[in-house]
>>> print(open('input30.txt').read())   # compact mmCIF, C-alpha atoms
# COMPACT_ATOMS: atom_id res chain seq x y z
CA MET L 1227 33.00 68.33 -13.41
CA SER L 1228 35.43 71.17 -12.78
CA ASP L 1229 37.26 71.34 -9.46
CA ASP L 1230 35.38 74.55 -8.53
CA ILE L 1231 31.97 72.97 -9.15
CA ALA L 1232 33.02 69.79 -7.34
CA SER L 1233 34.11 71.81 -4.31
CA LEU L 1234 30.87 73.83 -4.30
CA TYR L 1235 28.90 70.60 -4.75
CA GLN L 1236 30.52 69.11 -1.67
CA GLU L 1237 30.02 72.24 0.44
CA VAL L 1238 26.34 72.63 -0.46
CA ILE L 1239 25.54 68.93 -0.10
CA ILE L 1240 27.18 68.79 3.32
CA ASP L 1241 25.48 71.99 4.47
CA HIS L 1242 22.00 70.85 3.40
CA ALA L 1243 22.55 67.32 4.74
CA ARG L 1244 23.61 68.59 8.16
CA SER L 1245 20.99 71.34 8.35
CA PRO L 1246 18.17 70.48 5.94
CA ARG L 1247 15.82 73.34 5.19
CA ASN L 1248 12.07 72.77 5.53
CA PHE L 1249 12.60 69.60 7.57
CA ARG L 1250 9.30 69.46 9.42
CA VAL L 1251 5.73 68.17 9.31
CA VAL L 1252 3.18 70.42 7.62
CA ASP L 1253 -0.13 70.14 9.43
CA GLY L 1254 -2.99 70.41 6.96
CA ALA L 1255 -0.89 69.62 3.88
CA THR L 1256 -3.04 68.99 0.83
CA ARG L 1257 -0.75 66.13 -0.23
CA THR L 1258 1.42 63.78 1.81
CA ILE L 1259 3.61 61.31 -0.06
CA GLU L 1260 5.74 58.52 1.39
CA ALA L 1261 8.86 57.65 -0.61
CA LEU L 1262 11.40 54.88 -0.11
CA ASN L 1263 14.58 53.87 -1.89
CA PRO L 1264 14.79 50.16 -1.05
CA LEU L 1265 18.30 49.89 -2.49
CA CYS L 1266 19.85 51.98 0.26
CA GLY L 1267 17.10 52.60 2.81
CA ASP L 1268 16.56 56.31 2.17
CA GLN L 1269 13.01 57.24 3.13
CA LEU L 1270 11.07 60.46 3.34
CA THR L 1271 7.62 61.87 3.75
CA LEU L 1272 6.87 64.89 1.60
CA TYR L 1273 4.25 67.42 2.71
CA LEU L 1274 2.85 69.71 0.02
CA THR L 1275 0.29 72.46 0.34
CA LEU L 1276 -1.26 73.86 -2.82
CA ALA L 1277 -3.54 76.89 -2.82
CA GLU L 1278 -5.06 78.05 -6.09
CA GLY L 1279 -2.48 75.97 -7.96
CA VAL L 1280 0.54 77.44 -6.15
CA VAL L 1281 2.94 75.59 -3.84
CA THR L 1282 2.38 77.62 -0.70
CA ASP L 1283 4.23 75.26 1.62
CA ILE L 1284 6.46 72.24 1.19
CA ALA L 1285 8.51 70.29 3.70
CA PHE L 1286 9.81 66.81 4.39
CA THR L 1287 10.80 64.44 7.17
CA GLY L 1288 12.73 61.21 7.02
CA ASN L 1289 16.25 59.95 6.90
CA GLY L 1290 18.79 58.90 4.38
CA CYS L 1291 22.19 59.62 2.97
CA ALA L 1292 23.62 63.11 2.58
CA ILE L 1293 22.64 63.32 -1.08
CA SER L 1294 19.01 62.35 -0.50
CA GLN L 1295 18.63 64.78 2.42
CA ALA L 1296 20.39 67.63 0.58
CA SER L 1297 18.39 67.08 -2.59
CA ALA L 1298 15.11 67.16 -0.64
CA SER L 1299 16.18 70.30 1.19
CA LEU L 1300 17.22 72.07 -2.03
CA MET L 1301 14.01 70.95 -3.75
CA THR L 1302 11.76 72.43 -1.07
CA MET L 1303 13.53 75.76 -1.40
CA ALA L 1304 13.34 75.72 -5.19
CA VAL L 1305 9.66 74.91 -5.65
CA LYS L 1306 8.03 76.87 -2.85
CA GLY L 1307 6.02 79.65 -4.45
CA LEU L 1308 5.94 78.04 -7.90
CA HIS L 1309 2.73 77.34 -9.75
CA HIS L 1310 1.80 73.68 -10.15
CA ASP L 1311 2.90 73.63 -13.82
CA GLU L 1312 6.16 75.46 -13.06
CA ALA L 1313 6.98 72.95 -10.32
CA LEU L 1314 6.35 70.05 -12.72
CA ALA L 1315 8.58 71.73 -15.31
CA MET L 1316 11.30 72.13 -12.65
CA PHE L 1317 10.98 68.41 -11.83
CA THR L 1318 11.56 67.58 -15.50
CA ARG L 1319 14.62 69.84 -15.83
CA VAL L 1320 16.17 68.53 -12.62
CA HIS L 1321 15.42 64.91 -13.46
CA ILE L 1322 17.14 65.29 -16.82
CA MET L 1323 20.10 66.99 -15.13
CA LEU L 1324 20.40 64.22 -12.53
CA THR L 1325 20.21 61.37 -15.02
CA THR L 1326 22.10 62.53 -18.11
CA GLU L 1327 25.36 64.19 -18.98
CA SER L 1328 24.89 67.84 -19.82
CA GLU L 1329 26.05 69.28 -23.11
CA GLY L 1330 29.41 70.95 -22.78
CA GLY L 1331 29.76 69.70 -19.21
CA ALA L 1332 27.89 72.67 -17.73
CA PRO L 1333 24.64 72.26 -15.80
CA PRO L 1334 21.53 73.78 -17.36
CA ALA L 1335 20.99 77.42 -16.42
CA GLU L 1336 17.26 76.85 -15.84
CA VAL L 1337 17.88 74.98 -12.58
CA GLY L 1338 19.55 77.80 -10.67
CA LYS L 1339 21.18 76.74 -7.40
CA LEU L 1340 20.10 73.14 -8.00
CA ALA L 1341 23.04 72.97 -10.43
CA VAL L 1342 25.15 71.83 -7.48
CA LEU L 1343 23.49 68.43 -7.94
CA SER L 1344 24.54 68.21 -11.59
CA GLY L 1345 27.42 65.80 -10.95
CA VAL L 1346 25.17 63.09 -9.54
CA TRP L 1347 24.58 61.50 -12.97
CA GLU L 1348 28.23 60.37 -12.87
CA TYR L 1349 27.40 58.09 -9.92
CA PRO L 1350 24.56 55.80 -11.01
CA THR L 1351 24.13 54.32 -7.52
CA ARG L 1352 23.45 57.83 -6.16
CA VAL L 1353 20.90 58.93 -8.78
CA LYS L 1354 18.03 57.26 -6.92
CA CYS L 1355 19.16 59.01 -3.73
CA ALA L 1356 19.08 62.41 -5.41
CA THR L 1357 15.79 61.83 -7.22
CA LEU L 1358 13.79 60.34 -4.32
CA ALA L 1359 12.31 63.65 -3.13
CA TRP L 1360 11.77 64.82 -6.70
CA GLN L 1361 9.81 61.66 -7.55
CA ALA L 1362 7.66 62.26 -4.46
CA LEU L 1363 7.09 65.85 -5.62
CA ARG L 1364 6.02 64.68 -9.06
CA SER L 1365 3.58 62.18 -7.52
CA ALA L 1366 2.07 64.86 -5.28
CA LEU L 1367 1.74 67.31 -8.17
CA GLN L 1368 0.24 64.72 -10.49
CA GLN L 1369 -2.35 63.78 -7.86
CA ALA L 1370 -3.18 67.45 -7.45
CA GLY L 1371 -3.23 67.90 -11.23
CA ASN L 1372 -5.81 65.16 -11.51
CA ARG L 1373 -7.95 67.46 -9.41
CA ASP L 1374 -7.02 70.58 -11.43
CA GLY L 1375 -4.16 71.54 -9.07
CA THR L 1376 -6.37 74.18 -7.49
CA GLU L 1377 -6.38 73.02 -3.87
>>> encode(input="input30.txt", output="structure tokens")
Amino acid sequence: MSDDIASLYQEVIIDHARSPRNFRVVDGATRTIEALNPLCGDQLTLYLTLAEGVVTDIAFTGNGCAISQASASLMTMAVKGLHHDEALAMFTRVHIMLTTESEGGAPPAEVGKLAVLSGVWEYPTRVKCATLAWQALRSALQQAGNRDGTE
């Protein structure tokens, strides 16, 4: 990871960990998922509202390390407004980015601002921290998908 990306990574992670976006309960959420990383104690509750297959609201509560909180915060910003299938596709792209080395050392362009998390794959003990919220999102979307994702 270049020094510039590493510096940006640190700034964004710290900002989102200290002031997570969409950190709240969503009353009337169509899906609520509890997630826990037993290796380090990170835990979160994800609240997802789907309307006609679109993520109209998403938020989380919980506690954990800076990476888990920042990843959840960034995720909620990235998927709000996406269609069910687009959100699942984003999960796949981000999961690949978080768990494998990218070609040429650059993060994939398709993840936008989430690229700041691209260096996590280098720290295997932190991958579960960064993917916790994303795994909860996938579970919520798959449950909705089993019901046509049209809630």
>>> closest_residue(input="input30.txt", among="L:Leu1272, L:Val1305, L:Ala1356, L:Cys1291", to="His1321 of chain L", atoms="all atoms listed in the file")
L:Ala1356
>>> residues_around(input="input30.txt", residues="segment 1367-1372 of chain L", least_positions_apart="3", cutoff="9 Å", atoms="only C-alpha atoms", output="PyMOL selection string")
chain L and resi 1256-1257+1274+1276+1279+1310-1311+1313-1314+1362-1364+1375-1377
>>> atom_distance(input="input30.txt", atom1="atom CA of His1242 of chain L", atom2="atom CA of Ala1304 of chain L")
13.1 Å
>>> atom_distance(input="input30.txt", atom1="atom CA of Pro1264 of chain L", atom2="atom CA of Glu1312 of chain L")
29.3 Å
>>> residues_around(input="input30.txt", residues="Thr1326 of chain L", least_positions_apart="2", cutoff="6 Å", atoms="all atoms listed in the file", output="list in words")
Ile1322, Met1323 and Trp1347 of chain L
